[in-house]
Amino acid sequence: MLSPKDLEQIERKGISEQQIKKELEEFKTGFPFLKLDAAASIGNGIIATSAEDVKRYTEAWNAYKAEGKKIVKFVPASGAASRMFKNMFAFLTADYDVPTTDFEKTFFDNVVKFAFYPALNAMCEKNEGKNIEALMGEGNYKAVVANLLEAKGLNYGQLPKGLLLFHSYEDGARTPLEEHLVEGALYADSKGMVHIHYTVSPEHRALFEKKVADTKEKYEKAYNVKYDITFSEQKPSTDTIAVNPDDTPFRNADGSLLFRPGGHGALIENLNEIPADVVFIKNIDNVVPDRLKADTVTYKQVIAGVLISLQEKAFEYLRLLDEGTYNHEKLEEMIRFVQRDLCCRKHDIKELEDAELVIYLRSKLNRPMRVCGVVKNVGEPGGGPFLTYNQDGTVSLQILESSQIDKSNTEYMKMFTEGTHFNPVDLVCAVKNYKGEKFNLPDYVDRTTGFISSKSKNGKDLKALELPGLWNGAMSNWNTVFVEVPLSTFNPVKTVNDLLREQHQ
């Protein structure tokens with residue numbers, strides 16, 4: 001099935017033949033659905049913090065920062081903004097010329113409220129000889145949209161989301177990239193140094209680097225910090241092979257194999273190369289203007305405080321286990337910590353002899369740890385927090401996407417639809433062991449949690465393989481803890497009109 005030419009192509013990408021054969025087999029067999037125990041809820045996997053807890057965890061985090069540990073803010077930022085403008089692209093090619101759908105009417109009725117309005121207005125004057133108001137006045141709405149989306153104008157249809165103007169300020173509009181610089185200074189600094197890492201697509205990297213070069217000094221002065229900004233791209237070796245509907249390799253017009261990016265799960269490799277003690281992870285578009293940042297800053301410190309408090313306890317127990325300085329009572333205490341605080345449960349744990357128990361406890365304590373902020377479910381799309389069975393029979397907390405759940409199982413679907421919370425990609429991670437050595441993060445991926453999606457290329461149907469998602473299966477074998485955070489900390493921008501929400505004005 002694979003020719004010598006195919007094998008050469010595979011080798012150039014840094015992928016093994018064995019990996020390709022495994023992927024081709026996965027297309028045929030599919031991936032198993034996960035076995036669920038329950039949707040996580042307050043008191044059953046989700047921590048609700050009191051005002052006293054908030055104070056305590058914030059103090060714990062600030063004490064930790066004062067030690068000079070390396071803290072990194074990791075921002076997946078490779079997504080193009082094209083999906084944000086799907087409705088406006090449709091308007092450009094529609095057989096009518098005036099706003100007709102509710103979406104189009106909302107956009108034009110409020111166009112002056114967008115942070116990019118001044119830049120768009122200037123572009124219309126330059127290219128059309130008229131400002132937005134004049135163009136709309138004569139019914140030439142499509143010229144306004146063309147100047148927003150096309151290369152002759154702002155080119156927003158092709159730019160990454162991180163470089164669009166999101167929020168207005170007196171001294172000019174800010175992009176999400178800049179809002180993350182500000183956030184980093186407010187909760188992720190360590191002795192005045194702020195490390196931020198953006199994962200970007202190769203075609204946009206130079207644009208990101210230029211934006212950082214143009215704005216870094218401004219924010220360093222404003223917040224009295226120094227920035228260390230780094231970038232990485234998804235590795236070609238994490239691309240996955242595409243197949244035809246009959247599971248044979250899909251080929252390009254020139255006969256070569258078609259590979260596709262393996263989804264955000266591929267970023268576990270990028271995360272693995274970050275030299276840090278603690279890493280915050282947050283999507284590029286989940287930002288708010290300064291006037292609304294207080295809750296975000298407070299609860300980032302809270303989830304980080306929870307993380308380092310739990311890590312400290314886990315490290316203490318690991319030292320005792322490695323030194324052999326424990327008794328049965330201490331082992332009972334460790335069991336309570338693993339089961340209650342880390343929410344990792346083993347139904348037959350009482351049947352283990354002390355020697356077996358030590359091996360089990362060490363395996364569960366000595367692994368990466370993450371604390372995830374979860375918000376009350378208000379019907380937004382996103383992963384849900386669940387208690388899920390693992391390969392070893394234990395039950396632990398996981399973030400699941402709907403694709404991982406057997407929709408024919410009425411009990412599971414009830415859990416999914418009636419779940420009280422969902423996860424807006426608000427994570428803080430501890431990625432070193434108690435000896436200060438980095439965990440090798442790919443070792444903790446559950447490889448059986450990928451999924452297959454239907455796509456097309458040049459009008460031909462194909463099947464694509466998505467790797468286990470970054471905050472889903474790629475972190476399946478981490479210690480996971482959920483903390484309820486306010487809905488005000490979750491403000492994604494999925495469509496351009498989301499920028500008209502009060503949270504982005």
# chains A, B, ... in the order shown; residues from 1 in each chain; ligands from 1
>>> residues_around(residues="Lys55 in chain A", least_positions_apart="2", cutoff="12 Å", atoms="only C-alpha atoms", output="number ranges by chain")
A: 49-53, 57-62, 298-299, 301-303, 305-306
>>> write_last_selection(atoms="N, CA, C and O atoms", output="mmCIF file, in the first residue's frame")
data_model
loop_
_atom_site.group_PDB
_atom_site.id
_atom_site.type_symbol
_atom_site.label_atom_id
_atom_site.label_comp_id
_atom_site.auth_asym_id
_atom_site.auth_seq_id
_atom_site.Cartn_x
_atom_site.Cartn_y
_atom_site.Cartn_z
ATOM 1 N N THR A 49 -14.943 27.840 45.954
ATOM 2 C CA THR A 49 -14.101 28.553 46.922
ATOM 3 C C THR A 49 -14.886 29.645 47.656
ATOM 4 O O THR A 49 -15.672 30.368 47.045
ATOM 5 N N SER A 50 -14.625 29.764 48.952
ATOM 6 C CA SER A 50 -15.198 30.842 49.755
ATOM 7 C C SER A 50 -14.290 32.067 49.658
ATOM 8 O O SER A 50 -13.177 31.973 49.129
ATOM 9 N N ALA A 51 -14.743 33.193 50.191
ATOM 10 C CA ALA A 51 -13.924 34.417 50.188
ATOM 11 C C ALA A 51 -12.613 34.158 50.939
ATOM 12 O O ALA A 51 -11.540 34.640 50.541
ATOM 13 N N GLU A 52 -12.709 33.356 51.986
ATOM 14 C CA GLU A 52 -11.522 33.010 52.791
ATOM 15 C C GLU A 52 -10.536 32.164 51.964
ATOM 16 O O GLU A 52 -9.326 32.381 51.998
ATOM 17 N N ASP A 53 -11.090 31.209 51.190
ATOM 18 C CA ASP A 53 -10.250 30.372 50.311
ATOM 19 C C ASP A 53 -9.537 31.232 49.271
ATOM 20 O O ASP A 53 -8.349 31.046 48.996
ATOM 21 N N TYR A 57 -5.559 31.165 48.920
ATOM 22 C CA TYR A 57 -4.887 30.662 47.712
ATOM 23 C C TYR A 57 -4.135 31.763 46.975
ATOM 24 O O TYR A 57 -3.068 31.524 46.412
ATOM 25 N N THR A 58 -4.676 32.981 47.002
ATOM 26 C CA THR A 58 -3.981 34.111 46.362
ATOM 27 C C THR A 58 -2.663 34.384 47.085
ATOM 28 O O THR A 58 -1.622 34.601 46.453
ATOM 29 N N GLU A 59 -2.706 34.336 48.421
ATOM 30 C CA GLU A 59 -1.475 34.541 49.203
ATOM 31 C C GLU A 59 -0.464 33.436 48.929
ATOM 32 O O GLU A 59 0.739 33.688 48.810
ATOM 33 N N ALA A 60 -0.958 32.193 48.816
ATOM 34 C CA ALA A 60 -0.067 31.054 48.538
ATOM 35 C C ALA A 60 0.618 31.250 47.187
ATOM 36 O O ALA A 60 1.823 31.005 47.032
ATOM 37 N N TRP A 61 -0.151 31.723 46.191
ATOM 38 C CA TRP A 61 0.419 31.931 44.863
ATOM 39 C C TRP A 61 1.456 33.052 44.874
ATOM 40 O O TRP A 61 2.539 32.921 44.290
ATOM 41 N N ASN A 62 1.145 34.140 45.542
ATOM 42 C CA ASN A 62 2.090 35.260 45.569
ATOM 43 C C ASN A 62 3.374 34.896 46.312
ATOM 44 O O ASN A 62 4.460 35.345 45.948
ATOM 45 N N THR A 298 -7.904 37.569 39.647
ATOM 46 C CA THR A 298 -8.146 36.944 40.959
ATOM 47 C C THR A 298 -8.195 35.428 40.833
ATOM 48 O O THR A 298 -7.510 34.706 41.569
ATOM 49 N N TYR A 299 -8.995 34.934 39.889
ATOM 50 C CA TYR A 299 -9.205 33.480 39.832
ATOM 51 C C TYR A 299 -8.062 32.736 39.149
ATOM 52 O O TYR A 299 -7.889 31.537 39.387
ATOM 53 N N GLN A 301 -5.037 33.501 39.986
ATOM 54 C CA GLN A 301 -4.209 33.340 41.186
ATOM 55 C C GLN A 301 -4.781 32.246 42.099
ATOM 56 O O GLN A 301 -4.032 31.489 42.712
ATOM 57 N N VAL A 302 -6.111 32.163 42.146
ATOM 58 C CA VAL A 302 -6.757 31.143 42.982
ATOM 59 C C VAL A 302 -6.427 29.743 42.467
ATOM 60 O O VAL A 302 -5.980 28.877 43.234
ATOM 61 N N ILE A 303 -6.634 29.504 41.148
ATOM 62 C CA ILE A 303 -6.380 28.140 40.657
ATOM 63 C C ILE A 303 -4.892 27.800 40.745
ATOM 64 O O ILE A 303 -4.520 26.649 40.999
ATOM 65 N N GLY A 305 -2.928 28.962 43.135
ATOM 66 C CA GLY A 305 -2.726 28.700 44.564
ATOM 67 C C GLY A 305 -3.167 27.300 44.952
ATOM 68 O O GLY A 305 -2.508 26.610 45.741
ATOM 69 N N VAL A 306 -4.285 26.852 44.385
ATOM 70 C CA VAL A 306 -4.762 25.475 44.619
ATOM 71 C C VAL A 306 -3.714 24.498 44.097
ATOM 72 O O VAL A 306 -3.344 23.520 44.768
#
>>> select_by_dssp(residues="range 73-308 of chain A", states="alpha helix (DSSP H)", output="PyMOL selection string")
chain A and resi 86-93+102-109+117-128+132-137+141-149+176-187+205-223+267-272+293-308
>>> closest_residue(among="A:Asn155, A:Gln9, A:Thr420, A:Thr199", to="Ala40 in chain A", atoms="only C-alpha atoms")
A:Thr420
>>> closest_residue(among="A:Gly324, A:Pro468, A:Gly184, A:Gly45", to="Thr448 in chain A", atoms="only C-alpha atoms")
A:Pro468
>>> closest_atom_pairs(of="range 292-372 of chain A", to="range 390-398 of chain A", cutoff="9 Å", atoms="only C-alpha atoms", output="Markdown table")
| residue | atom | partner | partner_atom | distance |
| --- | --- | --- | --- | --- |
| A:Gln339 | CA | A:Ser396 | CA | 8.9 |
| A:Leu342 | CA | A:Ser396 | CA | 8.1 |
| A:Cys343 | CA | A:Ser396 | CA | 5.8 |
| A:Cys344 | CA | A:Ser396 | CA | 4.5 |
| A:Arg345 | CA | A:Val395 | CA | 5.1 |
| A:Lys346 | CA | A:Thr394 | CA | 4.8 |
| A:His347 | CA | A:Thr394 | CA | 7.4 |
>>> atom_distance(atom1="CA of Phe422 in chain A", atom2="CA of Asn270 in chain A")
25.1 Å
>>> residues_around(residues="Thr215 in chain A", least_positions_apart="6", cutoff="10 Å", atoms="only C-alpha atoms", output="PyMOL selection string")
chain A and resi 174+177-178+181
>>> write_last_selection(atoms="N, CA and C atoms", output="JSON list (two decimals), in the first residue's frame")
[["chain", "number", "residue", "atom", "x", "y", "z"],
["A", 174, "ARG", "N", -6.53, 47.38, 21.01],
["A", 174, "ARG", "CA", -5.61, 46.28, 21.35],
["A", 174, "ARG", "C", -6.04, 44.97, 20.71],
["A", 177, "LEU", "N", -3.32, 39.34, 21.36],
["A", 177, "LEU", "CA", -1.91, 39.14, 21.72],
["A", 177, "LEU", "C", -1.51, 40.13, 22.81],
["A", 178, "GLU", "N", -1.90, 41.39, 22.66],
["A", 178, "GLU", "CA", -1.54, 42.41, 23.65],
["A", 178, "GLU", "C", -2.27, 42.21, 24.97],
["A", 181, "LEU", "N", -0.39, 39.88, 26.95],
["A", 181, "LEU", "CA", 0.80, 40.51, 27.54],
["A", 181, "LEU", "C", 0.41, 41.19, 28.85]]
>>> residues_around(residues="Thr325 in chain A", least_positions_apart="6", cutoff="12 Å", atoms="only C-alpha atoms", output="PDB file with C-alpha atoms, in the first residue's frame")
ATOM      1  CA  GLU A 316       5.825  15.693  50.795  1.00  0.00           C
ATOM      2  CA  TYR A 317       4.201  12.252  50.437  1.00  0.00           C
ATOM      3  CA  LEU A 318       6.530  11.229  47.604  1.00  0.00           C
ATOM      4  CA  ARG A 319       9.562  12.062  49.742  1.00  0.00           C
ATOM      5  CA  LEU A 331      -0.455   5.533  54.038  1.00  0.00           C
ATOM      6  CA  VAL A 358       3.063   2.121  48.025  1.00  0.00           C
TER       7      VAL A 358
END
>>> select_by_dssp(residues="range 276-424 of chain A", states="strand (DSSP E)", output="list in words")
Val278, Val279, Phe280, Ile281, Lys282, Met369, Arg370, Val371, Cys372, Gly373, Val374, Val375, Lys376, Gly384, Pro385, Phe386, Leu387, Thr388, Tyr389, Val395, Ser396, Leu397, Gln398, Ile399, Leu400, His421 and Phe422 of chain A
>>> closest_residue(among="A:Leu307, A:Lys414, A:Asn409, A:Gly14", to="Leu427 in chain A", atoms="only C-alpha atoms")
A:Leu307
>>> closest_atom_pairs(of="range 366-475 of chain A", to="range 229-249 of chain A", cutoff="7 Å", atoms="only C-alpha atoms", output="tab-separated table")
residue	atom	partner	partner_atom	distance
A:Asp461	CA	A:Asn244	CA	6.8
A:Leu462	CA	A:Asn244	CA	4.7
A:Lys463	CA	A:Val243	CA	5.3
A:Ala464	CA	A:Ala242	CA	5.0
A:Leu465	CA	A:Thr240	CA	6.1
>>> residues_around(residues="range 77-93 of chain A", least_positions_apart="4", cutoff="8 Å", atoms="only C-alpha atoms", output="number ranges by chain")
A: 97, 99, 103-104, 142, 145-146, 149, 156-162, 198-201, 204, 283-284, 493-496
>>> closest_residue(among="A:Ala304, A:Val144, A:Ile196, A:Ile281", to="Lys130 in chain A", atoms="only C-alpha atoms")
A:Val144
>>> atom_distance(atom1="CA of Ser402 in chain A", atom2="CA of Trp471 in chain A")
13.7 Å
>>> atom_distance(atom1="CA of Lys438 in chain A", atom2="CA of Ile399 in chain A")
23.3 Å
>>> residues_around(residues="Asn472 in chain A", least_positions_apart="2", cutoff="9 Å", atoms="only C-alpha atoms", output="ChimeraX atom specification")
/A:265,383,398-401,449,468-470,474-476
>>> write_last_selection(atoms="N, CA, C and O atoms", output="CSV table (one decimal), in the first residue's frame")
chain,number,residue,atom,x,y,z
A,265,GLY,N,-4.3,18.7,20.0
A,265,GLY,CA,-3.6,17.7,20.8
A,265,GLY,C,-2.1,17.6,20.5
A,265,GLY,O,-1.3,17.2,21.3
A,383,GLY,N,-15.9,21.6,26.4
A,383,GLY,CA,-15.7,20.3,27.0
A,383,GLY,C,-16.3,20.4,28.4
A,383,GLY,O,-16.4,21.4,29.1
A,398,GLN,N,-11.7,14.2,34.3
A,398,GLN,CA,-11.3,14.4,32.9
A,398,GLN,C,-12.2,15.5,32.3
A,398,GLN,O,-13.3,15.7,32.7
A,399,ILE,N,-11.6,16.2,31.3
A,399,ILE,CA,-12.4,17.1,30.4
A,399,ILE,C,-12.8,16.4,29.2
A,399,ILE,O,-11.9,15.9,28.5
A,400,LEU,N,-14.0,16.2,28.9
A,400,LEU,CA,-14.5,15.4,27.7
A,400,LEU,C,-15.2,16.3,26.7
A,400,LEU,O,-15.9,17.2,27.1
A,401,GLU,N,-14.9,16.0,25.4
A,401,GLU,CA,-15.7,16.6,24.4
A,401,GLU,C,-16.8,15.7,24.0
A,401,GLU,O,-16.8,14.5,24.3
A,449,THR,N,-7.8,8.1,22.9
A,449,THR,CA,-8.9,9.1,23.0
A,449,THR,C,-8.9,10.1,21.8
A,449,THR,O,-9.4,11.2,21.9
A,468,PRO,N,-5.5,12.9,20.4
A,468,PRO,CA,-6.1,13.3,21.7
A,468,PRO,C,-5.9,14.7,22.0
A,468,PRO,O,-4.8,15.2,22.0
A,469,GLY,N,-7.0,15.4,22.3
A,469,GLY,CA,-7.0,16.9,22.5
A,469,GLY,C,-6.0,17.3,23.6
A,469,GLY,O,-5.9,16.6,24.6
A,470,LEU,N,-5.5,18.5,23.5
A,470,LEU,CA,-4.5,19.0,24.5
A,470,LEU,C,-5.0,18.9,25.9
A,470,LEU,O,-4.4,18.4,26.8
A,474,ALA,N,-4.8,14.2,25.8
A,474,ALA,CA,-3.4,14.4,25.9
A,474,ALA,C,-3.0,14.6,27.4
A,474,ALA,O,-1.8,14.5,27.7
A,475,MET,N,-3.9,15.0,28.2
A,475,MET,CA,-3.6,15.2,29.7
A,475,MET,C,-4.4,14.2,30.5
A,475,MET,O,-4.6,14.4,31.7
A,476,SER,N,-4.8,13.1,29.9
A,476,SER,CA,-5.7,12.1,30.5
A,476,SER,C,-5.0,11.5,31.8
A,476,SER,O,-5.7,11.3,32.8
>>> residues_around(residues="Arg370 in chain A", least_positions_apart="6", cutoff="6 Å", atoms="only C-alpha atoms", output="short mmCIF file (atom, residue, chain, number, x, y, z; two decimals) with C-alpha atoms, in the first residue's frame")
data_model
loop_
_atom_site.label_atom_id
_atom_site.label_comp_id
_atom_site.auth_asym_id
_atom_site.auth_seq_id
_atom_site.Cartn_x
_atom_site.Cartn_y
_atom_site.Cartn_z
CA VAL A 428 -2.66 25.94 35.27
CA CYS A 429 -0.17 23.08 35.13
CA THR A 480 -6.69 16.84 37.52
#
>>> closest_residue(among="A:Gln311, A:Ala355, A:Asp341, A:Gly459", to="Val483 in chain A", atoms="only C-alpha atoms")
A:Asp341
>>> closest_residue(among="A:His328, A:His167, A:Lys455, A:Lys460", to="Glu353 in chain A", atoms="only C-alpha atoms")
A:His328
